[in-house]
>>> print(open('target_10.cif').read())   # mmCIF, C-alpha atoms
data_my_file
loop_
_atom_site.label_atom_id
_atom_site.label_comp_id
_atom_site.auth_asym_id
_atom_site.auth_seq_id
_atom_site.Cartn_x
_atom_site.Cartn_y
_atom_site.Cartn_z
CA MET A 1 23.64 2.42 17.71
CA VAL A 2 21.00 0.35 19.44
CA ASN A 3 21.63 -1.27 22.78
CA LEU A 4 21.32 -4.90 21.69
CA ARG A 5 20.47 -6.31 25.11
CA ARG A 6 17.68 -3.80 25.64
CA TYR A 7 16.42 -4.42 22.11
CA THR A 8 16.27 -8.20 22.69
CA LEU A 9 14.50 -7.69 25.99
CA VAL A 10 11.81 -5.43 24.50
CA ARG A 11 11.38 -7.79 21.56
CA ASN A 12 10.90 -10.81 23.81
CA LEU A 13 8.38 -8.88 25.90
CA VAL A 14 6.42 -8.00 22.77
CA LEU A 15 6.41 -11.61 21.59
CA LEU A 16 5.27 -12.78 25.02
CA TRP A 17 2.53 -10.15 25.03
CA VAL A 18 1.27 -11.21 21.57
CA THR A 19 1.27 -14.86 22.61
CA GLY A 20 -0.80 -13.96 25.66
CA VAL A 21 -3.24 -11.99 23.54
CA ILE A 22 -3.68 -14.85 21.07
CA LEU A 23 -4.26 -17.37 23.86
CA ALA A 24 -6.79 -15.07 25.51
CA ALA A 25 -8.48 -14.47 22.18
CA PHE A 26 -9.17 -18.17 21.70
CA LEU A 27 -9.64 -19.36 25.28
CA LEU A 28 -11.63 -16.66 27.08
CA ASP A 29 -15.38 -17.04 27.03
CA ILE A 30 -17.26 -14.46 24.97
CA PRO A 31 -20.96 -13.54 24.87
CA ARG A 32 -22.73 -15.26 21.97
CA ILE A 33 -24.59 -12.99 19.58
CA ASN A 34 -26.91 -14.29 16.89
CA ILE A 35 -25.16 -14.88 13.50
CA LEU A 36 -21.84 -13.60 14.90
CA GLU A 37 -21.40 -16.43 17.40
CA HIS A 38 -17.73 -17.38 17.74
CA THR A 39 -16.66 -15.38 14.70
CA ALA A 40 -16.72 -12.37 17.02
CA ARG A 41 -13.26 -13.49 18.10
CA ASN A 42 -12.04 -12.21 14.75
CA LEU A 43 -12.43 -8.74 16.28
CA TYR A 44 -9.16 -9.36 18.12
CA PHE A 45 -7.32 -9.93 14.84
CA HIS A 46 -9.10 -8.06 12.07
CA VAL A 47 -9.38 -4.64 13.71
CA PRO A 48 -5.81 -4.47 15.13
CA MET A 49 -4.47 -5.32 11.63
CA TRP A 50 -6.13 -2.18 10.31
CA PHE A 51 -4.70 -0.08 13.17
CA THR A 52 -1.27 -1.57 12.61
CA MET A 53 -1.38 -0.77 8.93
CA MET A 54 -2.28 2.86 9.70
CA ALA A 55 0.68 3.06 12.07
CA ALA A 56 2.94 1.58 9.38
CA VAL A 57 1.70 4.11 6.82
CA PHE A 58 2.58 6.94 9.19
CA VAL A 59 6.02 5.50 9.94
CA SER A 60 6.73 5.05 6.24
CA ALA A 61 5.58 8.57 5.33
CA TYR A 62 7.60 10.06 8.20
CA HIS A 63 10.80 8.39 7.06
CA SER A 64 10.13 9.37 3.45
CA PHE A 65 9.89 12.96 4.65
CA GLN A 66 13.21 12.55 6.45
CA VAL A 67 14.80 11.17 3.27
CA LEU A 68 14.00 14.43 1.50
CA ARG A 69 15.40 16.45 4.39
CA SER A 70 18.65 14.58 4.89
CA ASP A 71 19.31 12.34 1.85
CA ASP A 72 20.03 9.56 4.34
CA LEU A 73 19.90 6.07 2.82
CA VAL A 74 19.06 4.51 6.19
CA ARG A 75 15.85 6.54 6.21
CA ASP A 76 15.03 5.12 2.79
CA ILE A 77 15.48 1.58 4.11
CA ARG A 78 13.18 2.43 7.02
CA ALA A 79 10.49 3.87 4.73
CA LEU A 80 10.64 0.81 2.46
CA GLN A 81 10.51 -1.76 5.25
CA ALA A 82 7.67 0.03 7.05
CA ALA A 83 5.73 0.03 3.77
CA ARG A 84 6.41 -3.68 3.23
CA VAL A 85 5.37 -4.78 6.70
CA GLY A 86 2.42 -2.36 6.52
CA ALA A 87 1.29 -3.90 3.23
CA PHE A 88 1.53 -7.33 4.84
CA PHE A 89 -0.74 -6.28 7.71
CA GLY A 90 -3.06 -4.55 5.23
CA ILE A 91 -3.47 -7.78 3.26
CA LEU A 92 -4.17 -9.70 6.48
CA GLY A 93 -6.73 -7.10 7.58
CA LEU A 94 -8.40 -7.15 4.17
CA VAL A 95 -8.60 -10.95 3.99
CA THR A 96 -9.87 -11.39 7.55
CA GLY A 97 -12.44 -8.66 6.86
CA ILE A 98 -13.67 -10.15 3.59
CA VAL A 99 -14.08 -13.64 5.01
CA TRP A 100 -15.68 -12.39 8.21
CA SER A 101 -18.21 -10.11 6.50
CA LYS A 102 -19.11 -12.72 3.89
CA TYR A 103 -20.45 -15.05 6.58
CA THR A 104 -21.96 -12.43 8.90
CA TRP A 105 -23.04 -9.07 7.47
CA TYR A 106 -23.63 -10.28 3.96
CA VAL A 107 -24.78 -13.79 4.87
CA GLY A 108 -27.12 -15.15 2.22
CA THR A 109 -26.08 -12.62 -0.46
CA ASP A 110 -23.24 -14.71 -1.87
CA VAL A 111 -21.11 -11.60 -2.45
CA TRP A 112 -17.44 -11.35 -1.53
CA TRP A 113 -16.64 -7.74 -2.34
CA ASN A 114 -19.02 -5.09 -1.08
CA PHE A 115 -17.34 -1.72 -1.57
CA ASP A 116 -17.48 -1.01 2.11
CA PRO A 117 -15.63 2.32 2.57
CA ARG A 118 -12.90 0.88 4.77
CA GLN A 119 -12.43 -2.06 2.47
CA SER A 120 -12.00 0.29 -0.49
CA MET A 121 -9.53 2.41 1.45
CA VAL A 122 -7.29 -0.50 2.43
CA SER A 123 -7.29 -1.87 -1.09
CA LEU A 124 -6.35 1.55 -2.42
CA GLN A 125 -3.48 1.89 0.04
CA LEU A 126 -2.26 -1.55 -1.03
CA LEU A 127 -2.44 -0.42 -4.65
CA ILE A 128 -0.35 2.65 -3.81
CA TYR A 129 2.28 0.53 -2.07
CA GLY A 130 2.29 -1.83 -5.04
CA ALA A 131 3.03 1.13 -7.32
CA TYR A 132 5.67 2.31 -4.84
CA PHE A 133 7.48 -1.05 -4.99
CA VAL A 134 7.25 -1.12 -8.79
CA LEU A 135 8.68 2.40 -8.97
CA ARG A 136 11.59 1.41 -6.75
CA GLY A 137 12.34 -1.47 -9.07
CA ALA A 138 12.59 0.92 -12.02
CA LEU A 139 15.25 3.14 -10.40
CA ASP A 140 18.87 1.98 -10.32
CA ASP A 141 20.95 4.58 -8.52
CA PRO A 142 20.42 4.17 -4.72
CA SER A 143 20.35 7.85 -3.75
CA LYS A 144 18.14 8.78 -6.70
CA ARG A 145 15.87 5.87 -5.86
CA ALA A 146 15.63 7.00 -2.23
CA ARG A 147 14.64 10.55 -3.20
CA ILE A 148 12.18 9.76 -5.97
CA ALA A 149 10.47 6.93 -4.09
CA ALA A 150 10.11 9.28 -1.12
CA VAL A 151 8.49 11.89 -3.36
CA TYR A 152 5.99 9.33 -4.62
CA ASN A 153 5.24 8.06 -1.12
CA LEU A 154 4.56 11.57 0.18
CA PHE A 155 2.58 12.58 -2.90
CA ALA A 156 0.37 9.53 -2.46
CA ALA A 157 -0.06 10.42 1.21
CA THR A 158 -1.54 13.80 0.24
CA THR A 159 -4.24 12.26 -1.94
CA THR A 160 -5.45 9.43 0.30
CA PRO A 161 -7.11 11.67 2.95
CA PHE A 162 -9.65 12.67 0.29
CA LEU A 163 -10.98 9.14 0.44
CA LEU A 164 -12.11 9.69 4.01
CA TYR A 165 -14.41 12.34 2.63
CA VAL A 166 -15.32 10.97 -0.80
CA ILE A 167 -15.86 7.25 -0.31
CA PRO A 168 -18.32 7.29 2.62
CA ARG A 169 -20.73 9.27 0.45
CA GLN A 170 -20.52 6.58 -2.19
CA MET A 171 -21.83 3.86 0.06
CA ASP A 172 -22.76 3.52 3.73
CA SER A 173 -20.50 1.55 5.99
CA LEU A 174 -21.61 -1.21 8.30
CA HIS A 175 -18.57 -0.72 10.50
CA PRO A 176 -19.18 0.48 14.06
CA GLY A 177 -18.39 4.14 14.50
CA ALA A 178 -19.23 5.07 10.89
CA GLU A 179 -21.88 7.75 10.52
CA GLY A 180 -25.18 6.72 12.04
CA ASN A 181 -23.79 3.49 13.46
CA PRO A 182 -23.33 3.05 17.21
CA ALA A 183 -19.82 3.61 18.47
CA PHE A 184 -17.57 0.64 19.02
CA SER A 185 -17.49 0.99 22.80
CA GLU A 186 -21.31 0.94 23.02
CA ILE A 187 -21.87 -2.41 21.34
CA THR A 188 -18.85 -4.34 22.51
CA HIS A 189 -19.00 -6.33 25.70
CA PRO A 190 -16.49 -5.30 28.43
CA VAL A 191 -14.96 -8.80 28.39
CA MET A 192 -14.12 -8.43 24.74
CA ARG A 193 -12.70 -4.97 25.21
CA LEU A 194 -10.40 -6.45 27.84
CA VAL A 195 -8.69 -8.48 25.12
CA PHE A 196 -9.21 -6.08 22.26
CA TYR A 197 -7.19 -3.11 23.52
CA PRO A 198 -4.16 -5.25 24.48
CA ALA A 199 -4.45 -6.89 21.04
CA ILE A 200 -4.01 -3.48 19.35
CA ILE A 201 -0.88 -2.81 21.40
CA GLY A 202 0.35 -6.33 20.75
CA PHE A 203 -0.01 -6.22 16.98
CA ILE A 204 1.53 -2.76 16.71
CA GLY A 205 4.38 -4.17 18.81
CA LEU A 206 4.61 -7.12 16.44
CA PHE A 207 4.84 -4.65 13.56
CA TRP A 208 7.69 -2.94 15.39
CA VAL A 209 9.54 -6.26 15.85
CA LEU A 210 9.17 -7.30 12.20
CA TYR A 211 10.01 -3.82 10.97
CA THR A 212 13.16 -3.34 13.06
CA GLN A 213 14.31 -6.84 12.20
CA ARG A 214 13.95 -6.18 8.49
CA VAL A 215 15.68 -2.81 8.83
CA ARG A 216 18.61 -4.43 10.63
CA THR A 217 18.95 -7.14 7.98
CA ALA A 218 18.75 -4.57 5.19
CA LEU A 219 21.42 -2.45 6.90
CA LEU A 220 23.73 -5.46 7.21
CA LYS A 221 23.19 -6.26 3.54
CA LEU A 222 23.96 -2.66 2.62
CA ARG A 223 27.13 -2.69 4.68
CA THR A 224 28.40 -5.99 3.25
CA THR A 225 27.89 -4.81 -0.32
CA HIS A 226 29.52 -1.42 0.26
CA ASP A 227 32.37 -2.22 2.63
CA PRO A 228 35.15 -3.98 0.70
CA GLU A 229 36.73 -5.31 3.90
CA LEU A 230 33.75 -7.44 4.77
CA MET B 231 6.65 38.81 -12.18
CA GLU B 232 9.89 36.87 -12.65
CA PHE B 233 7.92 33.73 -11.86
CA PHE B 234 5.34 34.31 -14.57
CA ARG B 235 7.99 35.23 -17.14
CA GLY B 236 9.87 31.97 -16.55
CA SER B 237 6.73 29.85 -16.62
CA TRP B 238 5.52 31.63 -19.75
CA ALA B 239 8.87 31.01 -21.44
CA VAL B 240 8.66 27.27 -20.73
CA LEU B 241 5.03 27.14 -21.83
CA LYS B 242 5.78 29.10 -25.02
CA LYS B 243 8.68 26.78 -25.85
CA ASP B 244 6.47 23.71 -25.42
CA LEU B 245 3.64 25.24 -27.42
CA ARG B 246 5.98 26.15 -30.26
CA LEU B 247 7.53 22.66 -30.33
CA GLU B 248 4.08 21.15 -30.25
CA TRP B 249 2.92 23.41 -33.08
CA ARG B 250 5.83 22.28 -35.24
CA SER B 251 5.31 18.53 -34.86
CA ARG B 252 1.80 18.29 -33.35
CA TYR B 253 2.92 14.88 -32.12
CA ALA B 254 1.39 14.88 -28.62
CA LEU B 255 -1.85 16.46 -29.78
CA ASN B 256 -2.33 14.12 -32.72
CA MET B 257 -1.50 11.09 -30.64
CA LEU B 258 -3.91 12.12 -27.88
CA LEU B 259 -6.72 12.82 -30.31
CA MET B 260 -6.20 9.57 -32.17
CA PHE B 261 -6.12 7.68 -28.88
CA VAL B 262 -9.35 9.32 -27.76
CA LEU B 263 -11.08 8.72 -31.07
CA SER B 264 -10.06 5.09 -31.36
CA SER B 265 -10.91 4.21 -27.76
CA LEU B 266 -14.28 5.96 -28.05
CA LEU B 267 -15.02 4.06 -31.25
CA LEU B 268 -14.00 0.83 -29.54
CA ILE B 269 -16.43 1.57 -26.73
CA ALA B 270 -19.19 2.48 -29.16
CA PHE B 271 -18.70 -0.72 -31.18
CA ALA B 272 -18.46 -2.84 -28.06
CA ILE B 273 -21.67 -1.43 -26.65
CA GLY B 274 -23.54 -1.56 -29.93
CA GLN B 275 -27.18 -0.51 -29.87
CA GLU B 276 -27.59 -0.99 -26.16
CA THR B 277 -28.63 2.14 -24.27
CA VAL B 278 -26.19 3.10 -21.57
CA GLY B 279 -27.29 4.70 -18.32
CA GLN B 280 -26.06 8.12 -17.24
CA ARG B 281 -23.77 6.79 -14.54
CA MET B 282 -22.16 4.48 -17.08
CA GLN B 283 -21.83 7.27 -19.65
CA SER B 284 -19.94 9.57 -17.31
CA ALA B 285 -17.81 6.67 -16.02
CA LEU B 286 -16.80 5.68 -19.57
CA LEU B 287 -16.10 9.29 -20.51
CA TRP B 288 -13.77 9.73 -17.56
CA ILE B 289 -12.01 6.43 -18.03
CA VAL B 290 -11.18 7.44 -21.60
CA ILE B 291 -9.88 10.81 -20.37
CA LEU B 292 -7.78 9.17 -17.61
CA PHE B 293 -6.22 6.65 -19.98
CA SER B 294 -5.41 9.23 -22.60
CA ALA B 295 -3.84 11.47 -19.94
CA SER B 296 -1.71 8.59 -18.68
CA ILE B 297 -0.54 7.80 -22.19
CA GLY B 298 -0.19 11.20 -23.80
CA LEU B 299 1.08 13.42 -21.00
CA GLY B 300 3.88 11.15 -19.82
CA ARG B 301 6.13 12.50 -22.54
CA SER B 302 6.55 16.04 -21.24
CA PHE B 303 9.76 15.34 -19.32
CA VAL B 304 10.87 12.20 -21.14
CA ALA B 305 11.09 14.31 -24.30
CA GLU B 306 13.42 16.81 -22.58
CA GLU B 307 15.60 13.92 -21.52
CA GLU B 308 15.71 12.50 -25.06
CA ARG B 309 16.52 15.86 -26.64
CA GLY B 310 19.23 16.44 -24.03
CA THR B 311 17.73 19.77 -23.00
CA VAL B 312 17.29 18.97 -19.30
CA LEU B 313 20.52 20.62 -18.21
CA LEU B 314 19.69 23.76 -20.14
CA LEU B 315 16.33 24.07 -18.42
CA GLN B 316 17.81 23.31 -14.99
CA LEU B 317 20.36 26.09 -15.42
CA ASN B 318 18.09 28.75 -16.85
CA VAL B 319 14.76 28.41 -15.08
CA PRO B 320 13.96 27.59 -11.43
CA GLY B 321 12.17 24.29 -10.89
CA SER B 322 8.83 25.74 -9.82
CA GLN B 323 8.65 27.75 -13.06
CA VAL B 324 9.46 24.70 -15.18
CA PHE B 325 6.73 22.83 -13.35
CA THR B 326 4.17 25.60 -13.81
CA GLY B 327 4.92 25.90 -17.52
CA LYS B 328 4.63 22.16 -18.06
CA LEU B 329 1.49 22.01 -15.90
CA ILE B 330 -0.28 24.67 -17.97
CA PHE B 331 0.79 22.96 -21.19
CA ASN B 332 -0.56 19.62 -19.99
CA PHE B 333 -3.74 21.30 -18.80
CA LEU B 334 -4.29 22.81 -22.26
CA LEU B 335 -3.75 19.41 -23.89
CA LEU B 336 -6.24 17.87 -21.48
CA LEU B 337 -8.82 20.55 -22.31
CA ALA B 338 -8.48 19.59 -25.97
CA VAL B 339 -8.97 15.93 -25.01
CA ASP B 340 -12.03 16.86 -22.94
CA ALA B 341 -13.59 18.82 -25.77
CA VAL B 342 -13.06 16.14 -28.41
CA SER B 343 -14.12 13.23 -26.24
CA LEU B 344 -17.22 15.06 -25.05
CA VAL B 345 -18.42 15.91 -28.56
CA VAL B 346 -17.63 12.48 -30.03
CA PHE B 347 -19.13 10.69 -27.05
CA ALA B 348 -22.30 12.75 -27.20
CA VAL B 349 -22.75 11.82 -30.85
CA LEU B 350 -21.80 8.15 -30.59
CA LEU B 351 -23.74 7.31 -27.45
CA ASN B 352 -26.61 9.74 -27.95
CA MET B 353 -25.69 11.43 -24.72
CA VAL B 354 -28.24 14.00 -23.54
CA ILE B 355 -26.60 16.78 -21.56
CA GLU B 356 -29.00 18.76 -19.41
CA ASP B 357 -26.59 21.10 -17.66
CA TRP B 358 -23.73 22.23 -19.89
CA GLY B 359 -22.31 24.69 -17.38
CA LEU B 360 -21.95 22.07 -14.67
CA LEU B 361 -20.41 19.54 -17.04
CA VAL B 362 -17.86 22.02 -18.39
CA LEU B 363 -16.98 23.06 -14.83
CA ALA B 364 -16.56 19.44 -13.71
CA LEU B 365 -14.41 18.64 -16.74
CA GLY B 366 -12.26 21.75 -16.30
CA LEU B 367 -11.69 21.38 -12.56
CA GLY B 368 -11.15 17.64 -12.88
CA SER B 369 -8.60 18.18 -15.63
CA LEU B 370 -6.71 20.62 -13.42
CA GLY B 371 -6.20 18.00 -10.70
CA LEU B 372 -5.42 15.38 -13.32
CA ALA B 373 -2.82 17.64 -14.95
CA GLY B 374 -1.21 18.38 -11.56
CA ALA B 375 -0.79 14.71 -10.66
CA THR B 376 0.33 13.70 -14.15
CA THR B 377 2.95 16.43 -14.45
CA LEU B 378 4.76 15.43 -11.25
CA LEU B 379 4.59 11.74 -12.08
CA ALA B 380 5.85 12.45 -15.61
CA ALA B 381 8.90 14.06 -14.04
CA ILE B 382 9.32 10.95 -11.86
CA ILE B 383 9.17 8.47 -14.72
CA ALA B 384 11.64 10.54 -16.74
CA ARG B 385 14.16 9.55 -14.04
CA ALA B 386 13.32 5.85 -14.17
CA SER B 387 15.18 3.41 -16.38
CA ASN B 388 12.13 1.52 -17.60
CA LYS B 389 9.74 4.24 -18.65
CA GLY B 390 7.18 2.38 -20.76
CA PRO B 391 4.03 1.52 -18.86
CA LEU B 392 5.07 2.99 -15.53
CA LEU B 393 2.92 6.14 -15.59
CA PRO B 394 -0.52 4.45 -15.48
CA VAL B 395 0.66 2.19 -12.65
CA LEU B 396 1.74 5.18 -10.57
CA LEU B 397 -1.10 7.45 -11.59
CA PHE B 398 -4.30 5.46 -11.19
CA PRO B 399 -4.14 4.72 -7.44
CA LEU B 400 -3.73 8.44 -6.76
CA LEU B 401 -6.65 9.45 -8.93
CA ILE B 402 -9.38 7.27 -7.47
CA PRO B 403 -10.69 10.03 -5.13
CA LEU B 404 -10.82 12.41 -8.10
CA LEU B 405 -12.43 9.84 -10.37
CA LEU B 406 -15.20 9.07 -7.89
CA SER B 407 -16.25 12.68 -7.36
CA VAL B 408 -15.81 13.75 -10.96
CA VAL B 409 -17.92 10.87 -12.27
CA ARG B 410 -20.69 11.82 -9.88
CA ALA B 411 -20.54 15.50 -10.78
CA SER B 412 -20.69 14.62 -14.50
CA ARG B 413 -23.60 12.34 -13.85
CA ALA B 414 -25.43 15.16 -12.07
CA ALA B 415 -24.75 17.35 -15.13
CA LEU B 416 -26.17 14.74 -17.50
CA ASP B 417 -29.19 14.37 -15.29
CA GLY B 418 -29.62 18.10 -14.70
CA GLY B 419 -32.40 17.55 -12.18
CA LEU B 420 -30.75 19.24 -9.23
CA GLY B 421 -28.40 21.60 -11.07
CA PHE B 422 -25.42 22.99 -9.22
CA THR B 423 -26.87 22.34 -5.75
CA GLY B 424 -26.84 18.60 -6.39
CA ALA B 425 -23.12 18.59 -7.10
CA THR B 426 -21.71 21.26 -4.79
CA GLY B 427 -20.04 18.75 -2.50
CA ASP B 428 -18.43 16.94 -5.40
CA LEU B 429 -17.29 20.15 -7.08
CA GLN B 430 -15.73 21.31 -3.82
CA THR B 431 -13.89 18.00 -3.51
CA ILE B 432 -12.63 18.22 -7.10
CA ALA B 433 -11.42 21.81 -6.65
CA LEU B 434 -9.78 20.98 -3.32
CA PHE B 435 -8.14 17.90 -4.80
CA GLY B 436 -6.69 20.00 -7.61
CA GLY B 437 -5.42 22.61 -5.14
CA VAL B 438 -3.83 20.11 -2.76
CA VAL B 439 -2.26 18.03 -5.54
CA ILE B 440 -0.77 21.04 -7.30
CA THR B 441 0.58 22.50 -4.05
CA ALA B 442 2.17 19.19 -3.05
CA ALA B 443 3.55 18.72 -6.56
CA VAL B 444 5.17 22.18 -6.59
CA LEU B 445 6.75 21.50 -3.18
CA LEU B 446 8.03 18.07 -4.19
CA PHE B 447 9.05 18.83 -7.75
CA ASP B 448 12.53 20.18 -6.96
CA TYR B 449 13.54 16.88 -5.35
CA VAL B 450 12.76 15.05 -8.57
CA TRP B 451 14.00 17.67 -10.97
CA MET B 452 17.38 18.58 -9.52
CA ASP B 453 20.19 16.02 -9.29
#
>>> encode(input="target_10.cif", output="structure tokens")
Amino acid sequence: MVNLRRYTLVRNLVLLWVTGVILAAFLLDIPRINILEHTARNLYFHVPMWFTMMAAVFVSAYHSFQVLRSDDLVRDIRALQAARVGAFFGILGLVTGIVWSKYTWYVGTDVWWNFDPRQSMVSLQLLIYGAYFVLRGALDDPSKRARIAAVYNLFAATTTPFLLYVIPRQMDSLHPGAEGNPAFSEITHPVMRLVFYPAIIGFIGLFWVLYTQRVRTALLKLRTTHDPEL
Amino acid sequence: MEFFRGSWAVLKKDLRLEWRSRYALNMLLMFVLSSLLLIAFAIGQETVGQRMQSALLWIVILFSASIGLGRSFVAEEERGTVLLLQLNVPGSQVFTGKLIFNFLLLLAVDAVSLVVFAVLLNMVIEDWGLLVLALGLGSLGLAGATTLLAAIIARASNKGPLLPVLLFPLLIPLLLSVVRASRAALDGGLGFTGATGDLQTIALFGGVVITAAVLLFDYVWMD
């Protein structure tokens, strides 16, 4: 079992860290660039959301793999909760990206959706998680549900890497680091990088807090429904 | 050799059952015909560009696959023959037999939809070889994904419209490359060189999907 005191300590540290990052994101002075202006602060939120979702996808797929190896229902709970929190961060990343790009990259075009490769990839991953949740709802027996949902999660994880190859040839990306575009570190001011890297750590930490909290609640729920003495 | 005998036995059983009722085939063909007619009526006399033609062709194929191929394992469940299959044939052989059967059905769908589409929309096909290759390879990946998901929905309590929901997100990489390869075939300007990248992606997608499906199938199939 987890050491509860250590868990609380780490959780409080993470929350403190995220608070610091958010304060720094709004208060620190940043270099003004034409068109971008103060919206550049969105960098501290939008990009870490995308990183966090990737981390969540890996955690979910890993636990799905473990479900198939051990038939452990706790692993199933972990895979589900990682997917849920990951989907939440994916939606946040998508929304912050759409709003940000509408008023900067695509200013004057009056278009919301631009089929940017990364945008398409996040929306696809969200679609897959949507199907995953629907599938779980259609299965009644817990151990059967754990196994079959894990199969779907892993099967989906084998097809998504193709997007990395297929979609960029469909349309060019405006994101830094995409082919032909300057790398992120070349165009971002050192002051901004000072907040940006801690923000990635902070939001992944926030994912960890939300995820472990949900797992603990789900475990308690499982125990109360299965243990007749409680 | 054992492997091929088992797969062949499953395939032969499915083919024989299909030959007796012709249910899946008739349903698929009727679905293809009616959806193609719907498209033709909806478009009317408007000329449709090549990109649009190949997109519509593939959307019809995807929808008919998601509707017609979902039955392969549900039918076993309804007939009560699942246990018999589980006892007599190893899972990978059941999967291979079903996969080949679904692939054959899809080839029939491809052939019919291609001919009807070409007539209805006045489609001009410059490079037949490339188009047939794109359709064949694409159908292989499609059959691989559909067969595993059909086994999944056979386990679910609410089977109805579940297959399309599960299938479409997985097929978007395939759809993108296959539509572009078909478009290159309709255009014919660059021939095979224009579509090599897409054909490679389609073949690789089929290979990866079928490998993953064979590895994962036992977890769905066995209780």
>>> closest_residue(input="target_10.cif", among="A:Asn114, A:Thr96, A:Ser173, A:Asn153", to="Asp76 in chain A", atoms="only C-alpha atoms")
A:Asn153
>>> closest_atom_pairs(input="target_10.cif", of="chain B", to="chain A", cutoff="8 Å", atoms="all atoms listed in the file", output="Markdown table")
| residue | atom | partner | partner_atom | distance |
| --- | --- | --- | --- | --- |
| B:Leu379 | CA | A:Tyr152 | CA | 8.0 |
| B:Ile382 | CA | A:Ile148 | CA | 6.7 |
| B:Arg385 | CA | A:Leu139 | CA | 7.5 |
| B:Ala386 | CA | A:Leu139 | CA | 5.0 |
| B:Ser387 | CA | A:Ala138 | CA | 5.6 |
| B:Asn388 | CA | A:Ala138 | CA | 5.6 |
| B:Lys389 | CA | A:Ala138 | CA | 7.9 |
| B:Leu392 | CA | A:Leu135 | CA | 7.5 |
| B:Val395 | CA | A:Ala131 | CA | 5.9 |
| B:Leu396 | CA | A:Ala131 | CA | 5.4 |
| B:Pro399 | CA | A:Ile128 | CA | 5.6 |
| B:Leu400 | CA | A:Ala156 | CA | 6.0 |
| B:Leu401 | CA | A:Thr159 | CA | 7.9 |
| B:Pro403 | CA | A:Leu163 | CA | 5.6 |
| B:Leu406 | CA | A:Val166 | CA | 7.3 |
| B:Ser407 | CA | A:Val166 | CA | 6.8 |
| B:Thr431 | CA | A:Val166 | CA | 7.7 |
| B:Phe435 | CA | A:Thr159 | CA | 7.4 |
| B:Val438 | CA | A:Thr158 | CA | 7.4 |
| B:Val439 | CA | A:Thr159 | CA | 7.1 |
| B:Ala442 | CA | A:Phe155 | CA | 6.6 |
| B:Ala443 | CA | A:Phe155 | CA | 7.2 |
| B:Leu446 | CA | A:Val151 | CA | 6.3 |
| B:Tyr449 | CA | A:Arg147 | CA | 6.8 |
| B:Val450 | CA | A:Ile148 | CA | 5.9 |
| B:Asp453 | CA | A:Lys144 | CA | 8.0 |
>>> closest_residue(input="target_10.cif", among="A:Met49, A:Ala79, A:Ile91, A:Val21", to="Val215 in chain A", atoms="all atoms listed in the file")
A:Ala79
>>> atom_distance(input="target_10.cif", atom1="CA of Ile77 in chain A", atom2="CA of Leu210 in chain A")
13.6 Å
>>> resolve_selection(input="target_10.cif", expression="the PyMOL selection byres ((chain A and resi 118) around 10)", output="compact mmCIF listing (two decimals) with C-alpha atoms, in the coordinates of the input")
# COMPACT_ATOMS: atom_id res chain seq x y z
CA TRP A 50 -6.13 -2.18 10.31
CA LEU A 94 -8.40 -7.15 4.17
CA GLY A 97 -12.44 -8.66 6.86
CA PHE A 115 -17.34 -1.72 -1.57
CA ASP A 116 -17.48 -1.01 2.11
CA PRO A 117 -15.63 2.32 2.57
CA GLN A 119 -12.43 -2.06 2.47
CA SER A 120 -12.00 0.29 -0.49
CA MET A 121 -9.53 2.41 1.45
CA VAL A 122 -7.29 -0.50 2.43
CA SER A 123 -7.29 -1.87 -1.09
CA LEU A 124 -6.35 1.55 -2.42
CA LEU A 163 -10.98 9.14 0.44
CA LEU A 164 -12.11 9.69 4.01
CA ILE A 167 -15.86 7.25 -0.31
CA PRO A 168 -18.32 7.29 2.62
CA SER A 173 -20.50 1.55 5.99
CA LEU A 174 -21.61 -1.21 8.30
CA HIS A 175 -18.57 -0.72 10.50
CA ALA A 178 -19.23 5.07 10.89
>>> residues_around(input="target_10.cif", residues="Leu23 in chain A", least_positions_apart="6", cutoff="12 Å", atoms="all atoms listed in the file", output="ChimeraX atom specification")
/A:16-17,29,41,44,195,199
>>> residues_around(input="target_10.cif", residues="Thr423 in chain B", least_positions_apart="6", cutoff="12 Å", atoms="all atoms listed in the file", output="ChimeraX atom specification")
/B:357,360,411,414-415,429-430
>>> residues_around(input="target_10.cif", residues="Lys102 in chain A", least_positions_apart="5", cutoff="12 Å", atoms="all atoms listed in the file", output="MDAnalysis selection string")
chainID A and resid 35:36 39 95:97 107:114 116
>>> resolve_selection(input="target_10.cif", expression="the PyMOL selection byres ((chain A and resi 201) around 12)", output="JSON, numbers by chain")
{"A": [13, 14, 15, 17, 18, 20, 21, 44, 45, 47, 48, 49, 51, 52, 55, 195, 196, 197, 198, 199, 200, 202, 203, 204, 205, 206, 207, 208]}
>>> resolve_selection(input="target_10.cif", expression="the PyMOL selection byres ((chain B and resi 304) around 8)", output="VMD selection string")
chain B and resid 300 to 303 305 to 308 380 to 381 383 to 384
>>> atom_distance(input="target_10.cif", atom1="CA of Ile98 in chain A", atom2="CA of Leu43 in chain A")
12.8 Å
>>> residues_near_point(input="target_10.cif", point="(-5.3, 21.8, -19.5)", cutoff="12 Å", atoms="all atoms listed in the file", output="PyMOL selection string")
chain B and resi 241+291+295+299+326-341+365-374+376-377
>>> axis_aligned_box(input="target_10.cif", around="range 400-413 of chain B", padding_each_side="6 Å", output="JSON")
{"center_x": -13.7, "center_y": 11.4, "center_z": -9.8, "size_x": 31.9, "size_y": 20.2, "size_z": 21.4}
>>> atom_distance(input="target_10.cif", atom1="CA of His189 in chain A", atom2="CA of Pro31 in chain A")
7.5 Å
>>> closest_residue(input="target_10.cif", among="B:Gly274, B:Gly236, B:Pro391, B:Gly298", to="Leu315 in chain B", atoms="all atoms listed in the file")
B:Gly236
